[in-house]
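Asks: Handing you this structure, nothing more for now.
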Amino acid sequence: MVSLALKRLDAVPLFVPAILLLGLLGVVAGQLDQLPHSVAAAPFPETVRIEPRPYSYRASGDFQQDGVPINGPLVSLAAPAPLDIMRFEVREDEYRRCVEAGACEATSARGIRDDFPVTGVSFEDATAYARWLSSATGQTWRLPTIEEWAFAAGSKAVDHALKVETDGSNQADRWLATYDQETAAVVEGPSAPGPFGNFGVNEFGVADLSANVWEWTETCLTRTTLPTNPHDDATSIVSCGVRYLEGRHRSPMNVFVRDARGGGCSAGVPPENLGFRLVRQAPWYAGVVGWFSWP
Amino acid sequence: MENDEHINVSRRTLLAGAAFAGVIGSVLVNLPSAAEEAVPVGPAPDLGSLQRVKVDLVKPPFVHDHEQVATGGPKVVEFTLTIKEMPLTIDDAGTVIQAMTFNGSVPGPLLVVHQNDYVELTLVNPETNTLQHNIDFHAATGALGGGGLTLINPGEQVKLRFKATRAGVFVYHCAPGGPMIPWHVVSGMNGAIMVLPREGLKDGAGNAITYDKIYYVGEQDFYVPRDEDGNYRAYESPGDGYADMLEVMKTLTPTHEVFNGAVGSLTGDKAMTASVGETVLIIHSQANRDTRPHLIGGHGDHVWPGGKFANKPDVDLETWFVAGGSAGAAVYTFLQPGLYAYVNHNLIEAVELGATAHFKVEGTWNDDLMAQVEAPTPIA
């Protein structure tokens with residue numbers, strides 16, 4: 001599956017010259033032509049551009065070595081591509097437009113104010129919204145990956161690595177440490193969301209990160225087994241029926257779940273509210289048409 | 001308008017109380033003759049010679065210090081319960097109910113005495129409250145469990161004495177008559193008393209059972225009305241919400257089923273704790289509705305599902321049934337470290353409605369009892 005996708009990507013450059021020659025001006029004209037209508041249907045969300053910088057984040061997924069769960073590695077990136085991400089989480093009033101357009105399902109949250117982030121949304125709801133927003137704006141919107149989320153969250157990203165040393169002889173140590181760490185991370189007091197912007201911005205101007213709304217990411221659950229011998233390959237199992245939420249702690253969740261609270265999680269602390277923000281995918285020709293001052 | 005409604009409800013409350021007092025009057029008149037036929041009427045005890053002990057109660061899940069095996073003869077044990085009507089947040093979404101409580105907690109505190117001790121209870125209804133209250137001890141004999149002798153108005157107090165003749169854990173609750181009874185109980189006005197055998201707990205073979213720790217879990221069903229949008233409604237006073245709440249109560253479907261007054265009151269930094277090798281006695285009461293406690297990853301070593309210690313305990317239980325209107329007792333010695341969930345094993349009630357607690361248990365892992373022989377790996 002992965003290799004097929006790679007082959008397709010490999011083929012893309014072959015088409016680029018042809019499309020550049022034949023379609024570039026037409027595509028751009030088409031986008032510009034759509035703009036007035038799109039704005040009426042869905043105003044372009046306010047975004048923040050995260051400029052390239054070296055950064056590191058805790059690799060997503062469960063990791064184990066020699067049969068024992070371990071912290072995932074810290075991944076360092078020298079200079080990722082710039083990223084355009086919504087300044088705020090998607091709001092109730094924004095989400096409602098998608099519902100009214102028949103492209104999104106109404107959320108189960110009741111009586112929430114327009115200026116609150118939409119909560120009670122599943123991964124499926126979030127991706128449906130991204131599809132609708134993309135078609136309404138003529139841009140490509142999608143959920144961020146864990147990597148992108150950490151890039152944009154900066155100092156607000158929470159490293160979920162456990163701060164305990166375990167030798168693997170007592171697996172309960174990790175369970176108890178996880179429980180204590182997640183307990184400590186949860187916001188005190190009622191977990192009802194507040195108006196957008198309520199929790200302040202990070203150093204890049206991205207608002208409400210790691211507050212009481214956990215944000216869906218595109219990243220699938222993975223379990224990676226690191227080899228005993230570092231020269232051997234690691235093996236990974238990927239399960240995309242479960243995606244990660246980012247926030248005060250990183251939380252895997254079934255894609256159809258809208259409310260993780262419940263209060264009954266038998267071995268962990270559930271996220272308080274499920275919401276999301278999107279990133280705008282730079283079009284493949286972004287580099288080429290950058291000098292057209294693309295929004 | 002809301003004030004008018006409130007006043008009306010309060011009037012109705014008082015009328016209900018008055019009508020109930022009449023019923024009790026006739027019951028009391030009949031009692032002596034019935035008692036005379038069955039058993040000799042006990043003489044008024046000379047309590048002057050008995051040791052008096054005054055107990056300071058503590059908030060659940062904790063339990064006041066007590067002896068497991070009684071020293072000396074029966075005592076007079078003095079308790080004070082102060083009734084407090086108060087707003088109570090019952091879930092992490094901030095839902096607030098107008099709770100009625102003994103000593104400001106749901107459940108009220110666990111009282112501990114020994115068999116044949118005399119419980120001397122002072123019940124206080126401060127004038128800041130709006131309603132009549134009383135107390136019905138399932139451990140007591142006669143007068144509707146004491147309810148017939150303890151009905152007090154805001155600004156009054158009353159003192160009741162009863163002899164704890166039967167060993168076990170028993171529910172107590174407010175029962176001020178008619179429709180007030182279930183309403184007060186599901187507004188939080190219940191707790192439990194533990195009457196220990198004087199010689200302490202025994203297994204089925206007569207061997208002593210001692211515990212290192214005791215926790216009191218009071219399970220509570222709440223019935224919170226919703227507005228037109230489906231949001232939980234908040235009310236200014238208990239009487240204010242009475243009519244709406246009654247409608248929800250009559251569906252017999254609680255909106256919340258929680259331990260110790262709120263979703264998550266025994267999880268996170270309030271999780272109960274133990275160490276491997278420690279023996280824990282868990283008292284579990286539900287004053288209104290059946291429940292079925294279960295310790296995920298553990299067992300009930302010795303369990304009195306009905307809570308009465310003259311019966312031999314069941315052993316090795318996975319789940320035990322606690323009938324609504326009673327309390328059960330379970331003893332367990334933790335054998336493995338880690339996180340345990342203690343739930344009502346109707347898992348919908350545990351997970352969706354809130355009836356979940358956690359134990360954090362420290363100690364050394366026992367590979368003999370369990371091991372992950374092979375970590376998760378791709379299917380060969």
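Letters for chains follow the order of the structure tokens (A, B, ...), residue numbers begin at 1 for each chain, and ligand numbers begin at 1 in the order shown.
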Name the residues in contact with region 46-52 of chain A at a cut-off of 6 Å, using only C-alpha atoms, excluding same-chain residues fewer than 6 positions from it; report them as a PDB file with C-alpha atoms, in the first residue's frame.

Replies:
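out-v9.pdb, written as the output of this step:
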ATOM      1  CA  ALA A  79      13.752  22.815   8.595  1.00  0.00           C
ATOM      2  CA  PRO A  80      10.312  21.555   7.685  1.00  0.00           C
ATOM      3  CA  ALA A  81       8.304  23.354   5.022  1.00  0.00           C
ATOM      4  CA  PRO A  82       6.287  26.374   6.123  1.00  0.00           C
ATOM      5  CA  LEU A  83       2.874  25.453   7.458  1.00  0.00           C
ATOM      6  CA  ASP A  84      -0.378  27.399   7.295  1.00  0.00           C
ATOM      7  CA  ILE A  85      -2.585  26.424  10.231  1.00  0.00           C
ATOM      8  CA  MET A  86      -5.819  27.840  11.583  1.00  0.00           C
ATOM      9  CA  ARG A  87      -5.176  30.351  14.331  1.00  0.00           C
TER      10      ARG A  87
END

Asks: Mind running chain B against chain A at 8 Å and telling me each contacting residue's nearest atom pair with the distance in Å (one decimal), counting only C-alpha atoms, chain and number ascending, as CSV?

Replies:
residue,atom,partner,partner_atom,distance
B:Asp92,CA,A:Pro190,CA,5.2
B:Ala93,CA,A:Pro190,CA,5.5
B:Gly94,CA,A:Pro190,CA,5.1
B:Asp229,CA,A:Gly111,CA,6.2
B:Gly230,CA,A:Arg110,CA,6.4
B:Asn231,CA,A:Arg110,CA,6.4
B:Val263,CA,A:Gly263,CA,6.3
B:Gly264,CA,A:Gly263,CA,6.1
B:Gly268,CA,A:Thr183,CA,5.2
B:Asp269,CA,A:Thr183,CA,6.5
B:Pro337,CA,A:Ala172,CA,5.7
B:Gly338,CA,A:Ala172,CA,4.4
B:Leu339,CA,A:Leu176,CA,6.3
B:Tyr340,CA,A:Ser266,CA,7.4
B:Ala341,CA,A:Ser266,CA,5.4
B:Ala350,CA,A:Gly264,CA,5.9
B:Val351,CA,A:Gly264,CA,3.9
B:Glu352,CA,A:Gly262,CA,4.7
B:Leu353,CA,A:Gly262,CA,6.7
B:Gly354,CA,A:Gly263,CA,5.4
B:Ala355,CA,A:Gly264,CA,7.3
B:Thr356,CA,A:Gly264,CA,5.5
B:His358,CA,A:Ser266,CA,7.7
B:Lys360,CA,A:Leu176,CA,6.9
B:Glu362,CA,A:Ala172,CA,7.9
B:Thr364,CA,A:Asn170,CA,6.5
B:Trp365,CA,A:Asn170,CA,5.2
B:Glu374,CA,A:Gly67,CA,6.6
B:Ala375,CA,A:Gly67,CA,4.8
B:Pro376,CA,A:Gly67,CA,8.0
B:Thr377,CA,A:Thr225,CA,7.7
B:Pro378,CA,A:Ile237,CA,6.9

Asks: Using only C-alpha atoms, find the one residue out of B:Asn288, B:Asp91, B:Gly42, B:Ala164 that sits nearest to His256 (chain B).

Replies: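 Using only C-alpha atoms, His256 (chain B) sits closest to B:Asp91.
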
Asks: Write out as a PDB file with N, CA and C atoms, in the first residue's frame the set of residues from region 134-324 of chain B that DSSP, computed on the backbone, places in helix (DSSP H, G or I).

Replies:
ATOM      1  N   ALA B 143     -40.005   2.544  64.939  1.00  0.00           N
ATOM      2  CA  ALA B 143     -40.242   3.945  64.576  1.00  0.00           C
ATOM      3  C   ALA B 143     -39.675   4.291  63.208  1.00  0.00           C
ATOM      4  N   LEU B 144     -39.932   3.382  62.246  1.00  0.00           N
ATOM      5  CA  LEU B 144     -39.459   3.626  60.880  1.00  0.00           C
ATOM      6  C   LEU B 144     -37.956   3.907  60.862  1.00  0.00           C
ATOM      7  N   GLY B 145     -37.241   3.122  61.648  1.00  0.00           N
ATOM      8  CA  GLY B 145     -35.792   3.258  61.666  1.00  0.00           C
ATOM      9  C   GLY B 145     -35.320   4.510  62.374  1.00  0.00           C
ATOM     10  N   GLY B 146     -36.227   5.106  63.133  1.00  0.00           N
ATOM     11  CA  GLY B 146     -35.889   6.364  63.807  1.00  0.00           C
ATOM     12  C   GLY B 146     -36.486   7.558  63.090  1.00  0.00           C
ATOM     13  N   GLY B 147     -36.952   7.318  61.873  1.00  0.00           N
ATOM     14  CA  GLY B 147     -37.523   8.422  61.101  1.00  0.00           C
ATOM     15  C   GLY B 147     -38.714   9.056  61.794  1.00  0.00           C
ATOM     16  N   GLY B 148     -39.467   8.225  62.530  1.00  0.00           N
ATOM     17  CA  GLY B 148     -40.654   8.728  63.205  1.00  0.00           C
ATOM     18  C   GLY B 148     -40.338   9.593  64.411  1.00  0.00           C
ATOM     19  N   LEU B 149     -39.098   9.555  64.857  1.00  0.00           N
ATOM     20  CA  LEU B 149     -38.734  10.311  66.054  1.00  0.00           C
ATOM     21  C   LEU B 149     -37.787  11.462  65.757  1.00  0.00           C
ATOM     22  N   MET B 180     -41.647  12.957  49.411  1.00  0.00           N
ATOM     23  CA  MET B 180     -40.385  13.542  49.878  1.00  0.00           C
ATOM     24  C   MET B 180     -39.303  12.475  50.021  1.00  0.00           C
ATOM     25  N   ILE B 181     -39.711  11.230  50.273  1.00  0.00           N
ATOM     26  CA  ILE B 181     -38.722  10.197  50.609  1.00  0.00           C
ATOM     27  C   ILE B 181     -37.770   9.938  49.443  1.00  0.00           C
ATOM     28  N   PRO B 182     -38.294   9.486  48.288  1.00  0.00           N
ATOM     29  CA  PRO B 182     -37.333   9.237  47.199  1.00  0.00           C
ATOM     30  C   PRO B 182     -36.617  10.501  46.755  1.00  0.00           C
ATOM     31  N   TRP B 183     -37.319  11.613  46.813  1.00  0.00           N
ATOM     32  CA  TRP B 183     -36.702  12.874  46.363  1.00  0.00           C
ATOM     33  C   TRP B 183     -35.483  13.228  47.213  1.00  0.00           C
ATOM     34  N   HIS B 184     -35.630  13.109  48.541  1.00  0.00           N
ATOM     35  CA  HIS B 184     -34.491  13.410  49.410  1.00  0.00           C
ATOM     36  C   HIS B 184     -33.363  12.410  49.201  1.00  0.00           C
ATOM     37  N   VAL B 185     -33.735  11.139  49.014  1.00  0.00           N
ATOM     38  CA  VAL B 185     -32.694  10.109  48.874  1.00  0.00           C
ATOM     39  C   VAL B 185     -31.905  10.318  47.588  1.00  0.00           C
ATOM     40  N   VAL B 186     -32.602  10.607  46.474  1.00  0.00           N
ATOM     41  CA  VAL B 186     -31.853  10.769  45.221  1.00  0.00           C
ATOM     42  C   VAL B 186     -31.304  12.184  45.071  1.00  0.00           C
ATOM     43  N   PRO B 238     -33.794  23.562  46.356  1.00  0.00           N
ATOM     44  CA  PRO B 238     -34.318  22.212  46.133  1.00  0.00           C
ATOM     45  C   PRO B 238     -35.786  22.239  45.674  1.00  0.00           C
ATOM     46  N   GLY B 239     -36.604  23.032  46.345  1.00  0.00           N
ATOM     47  CA  GLY B 239     -38.028  23.064  46.025  1.00  0.00           C
ATOM     48  C   GLY B 239     -38.302  23.536  44.616  1.00  0.00           C
ATOM     49  N   ASP B 240     -37.453  24.432  44.169  1.00  0.00           N
ATOM     50  CA  ASP B 240     -37.550  24.979  42.826  1.00  0.00           C
ATOM     51  C   ASP B 240     -37.529  23.897  41.747  1.00  0.00           C
ATOM     52  N   GLY B 241     -36.705  22.896  41.957  1.00  0.00           N
ATOM     53  CA  GLY B 241     -36.529  21.873  40.928  1.00  0.00           C
ATOM     54  C   GLY B 241     -37.361  20.630  41.163  1.00  0.00           C
ATOM     55  N   TYR B 242     -38.168  20.645  42.236  1.00  0.00           N
ATOM     56  CA  TYR B 242     -38.850  19.419  42.660  1.00  0.00           C
ATOM     57  C   TYR B 242     -39.735  18.810  41.579  1.00  0.00           C
ATOM     58  N   ALA B 243     -40.635  19.611  41.010  1.00  0.00           N
ATOM     59  CA  ALA B 243     -41.619  19.071  40.067  1.00  0.00           C
ATOM     60  C   ALA B 243     -40.930  18.500  38.828  1.00  0.00           C
ATOM     61  N   ASP B 244     -39.944  19.230  38.303  1.00  0.00           N
ATOM     62  CA  ASP B 244     -39.226  18.746  37.115  1.00  0.00           C
ATOM     63  C   ASP B 244     -38.476  17.452  37.415  1.00  0.00           C
ATOM     64  N   MET B 245     -37.867  17.430  38.604  1.00  0.00           N
ATOM     65  CA  MET B 245     -37.049  16.272  38.956  1.00  0.00           C
ATOM     66  C   MET B 245     -37.909  15.023  39.131  1.00  0.00           C
ATOM     67  N   LEU B 246     -39.103  15.241  39.683  1.00  0.00           N
ATOM     68  CA  LEU B 246     -40.002  14.110  39.895  1.00  0.00           C
ATOM     69  C   LEU B 246     -40.327  13.433  38.563  1.00  0.00           C
ATOM     70  N   GLU B 247     -40.498  14.234  37.532  1.00  0.00           N
ATOM     71  CA  GLU B 247     -40.793  13.659  36.214  1.00  0.00           C
ATOM     72  C   GLU B 247     -39.637  12.790  35.731  1.00  0.00           C
ATOM     73  N   VAL B 248     -38.428  13.257  35.935  1.00  0.00           N
ATOM     74  CA  VAL B 248     -37.262  12.463  35.510  1.00  0.00           C
ATOM     75  C   VAL B 248     -37.148  11.216  36.376  1.00  0.00           C
ATOM     76  N   MET B 249     -37.392  11.374  37.692  1.00  0.00           N
ATOM     77  CA  MET B 249     -37.310  10.226  38.602  1.00  0.00           C
ATOM     78  C   MET B 249     -38.263   9.114  38.167  1.00  0.00           C
ATOM     79  N   GLY B 268      -8.327   9.872  39.315  1.00  0.00           N
ATOM     80  CA  GLY B 268      -7.291  10.902  39.187  1.00  0.00           C
ATOM     81  C   GLY B 268      -6.576  11.116  40.502  1.00  0.00           C
ATOM     82  N   ASP B 269      -6.426  12.380  40.903  1.00  0.00           N
ATOM     83  CA  ASP B 269      -5.695  12.624  42.152  1.00  0.00           C
ATOM     84  C   ASP B 269      -6.532  12.265  43.378  1.00  0.00           C
ATOM     85  N   LYS B 270      -7.790  11.863  43.162  1.00  0.00           N
ATOM     86  CA  LYS B 270      -8.619  11.399  44.276  1.00  0.00           C
ATOM     87  C   LYS B 270      -8.820   9.885  44.231  1.00  0.00           C
TER      88      LYS B 270
END

Asks: Skip Ala150 (chain A) itself and residues of its chain fewer than 5 positions away, then list as a PyMOL selection string all residues within 9 Å of it, counting only C-alpha atoms.

Replies: chain A and resi 55-58+145+155-158+246

Asks: Enter the distance from CA of Ile83 (chain B) to CA of Ala175 (chain B), in Å, rounded to one decimal.

Replies: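 Computing it gives 13.0 Å between the two atoms.
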
Asks: Using only C-alpha atoms, which protein or nucleic acid residues come within 8 Å of Ser60 (chain A)? Drop anything in the same chain fewer than 2 positions from it, and give the result as a count of residues only.

Replies: 7

Asks: Residues near Lys163 (chain B), anyone? I mean within 12 Å using only C-alpha atoms, not counting same-chain ones fewer than 6 positions away, as a list in words.

Replies: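 With the cut-off at 12 Å, the set is Gly42, Ala44, Pro45, Leu47, Pro74, Lys75, Val76, Val77, Val113, His114, Gln115, Asn116, Asp117, Tyr118, Val119, Glu120, Leu121, Phe137, His138, Ala139, Ala140, Thr141, Gly142, Gly145, Gly146 and Val195 of chain B.
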
Asks: With C-alpha atoms retained, could you export that selection as a PDB file, in the first residue's frame?

Replies:
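Result saved to result.pdb:
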ATOM      1  CA  GLY B  42     -36.590  -4.106  77.174  1.00  0.00           C
ATOM      2  CA  ALA B  44     -34.921   1.513  79.808  1.00  0.00           C
ATOM      3  CA  PRO B  45     -31.200   0.862  79.975  1.00  0.00           C
ATOM      4  CA  LEU B  47     -26.586   3.993  80.385  1.00  0.00           C
ATOM      5  CA  PRO B  74     -20.923  -1.931  74.970  1.00  0.00           C
ATOM      6  CA  LYS B  75     -20.498   1.822  74.798  1.00  0.00           C
ATOM      7  CA  VAL B  76     -22.637   4.802  74.040  1.00  0.00           C
ATOM      8  CA  VAL B  77     -21.222   6.252  70.840  1.00  0.00           C
ATOM      9  CA  VAL B 113     -19.793   1.089  66.088  1.00  0.00           C
ATOM     10  CA  HIS B 114     -19.785  -2.433  67.505  1.00  0.00           C
ATOM     11  CA  GLN B 115     -22.700  -4.738  68.000  1.00  0.00           C
ATOM     12  CA  ASN B 116     -24.734  -3.860  71.098  1.00  0.00           C
ATOM     13  CA  ASP B 117     -23.228  -0.398  71.314  1.00  0.00           C
ATOM     14  CA  TYR B 118     -25.752   2.397  71.675  1.00  0.00           C
ATOM     15  CA  VAL B 119     -25.741   4.914  68.862  1.00  0.00           C
ATOM     16  CA  GLU B 120     -26.626   8.361  70.144  1.00  0.00           C
ATOM     17  CA  LEU B 121     -27.181  10.623  67.209  1.00  0.00           C
ATOM     18  CA  PHE B 137     -31.405   3.935  60.122  1.00  0.00           C
ATOM     19  CA  HIS B 138     -31.817   0.485  58.590  1.00  0.00           C
ATOM     20  CA  ALA B 139     -29.691  -0.723  61.499  1.00  0.00           C
ATOM     21  CA  ALA B 140     -32.239   0.479  64.049  1.00  0.00           C
ATOM     22  CA  THR B 141     -35.389  -1.219  65.276  1.00  0.00           C
ATOM     23  CA  GLY B 142     -38.736   0.565  65.408  1.00  0.00           C
ATOM     24  CA  GLY B 145     -35.792   3.258  61.666  1.00  0.00           C
ATOM     25  CA  GLY B 146     -35.889   6.364  63.807  1.00  0.00           C
ATOM     26  CA  VAL B 195     -21.892  -2.319  63.061  1.00  0.00           C
TER      27      VAL B 195
END

Asks: Between CA of Leu245 (chain A) and CA of Ala126 (chain A), what distance in Å does the model show, to one decimal?

Replies: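 CA of Ala126 (chain A) lies at a distance of 11.8 Å from CA of Leu245 (chain A).
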
Asks: Which of these, B:Val224, B:Val373, B:Val361, B:Ile135, has the shortest distance to Gly298 (chain B) once you count only C-alpha atoms?

Replies: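 Between B:Val224, B:Val373, B:Val361, B:Ile135, the residue approaching Gly298 (chain B) most closely is B:Val361.
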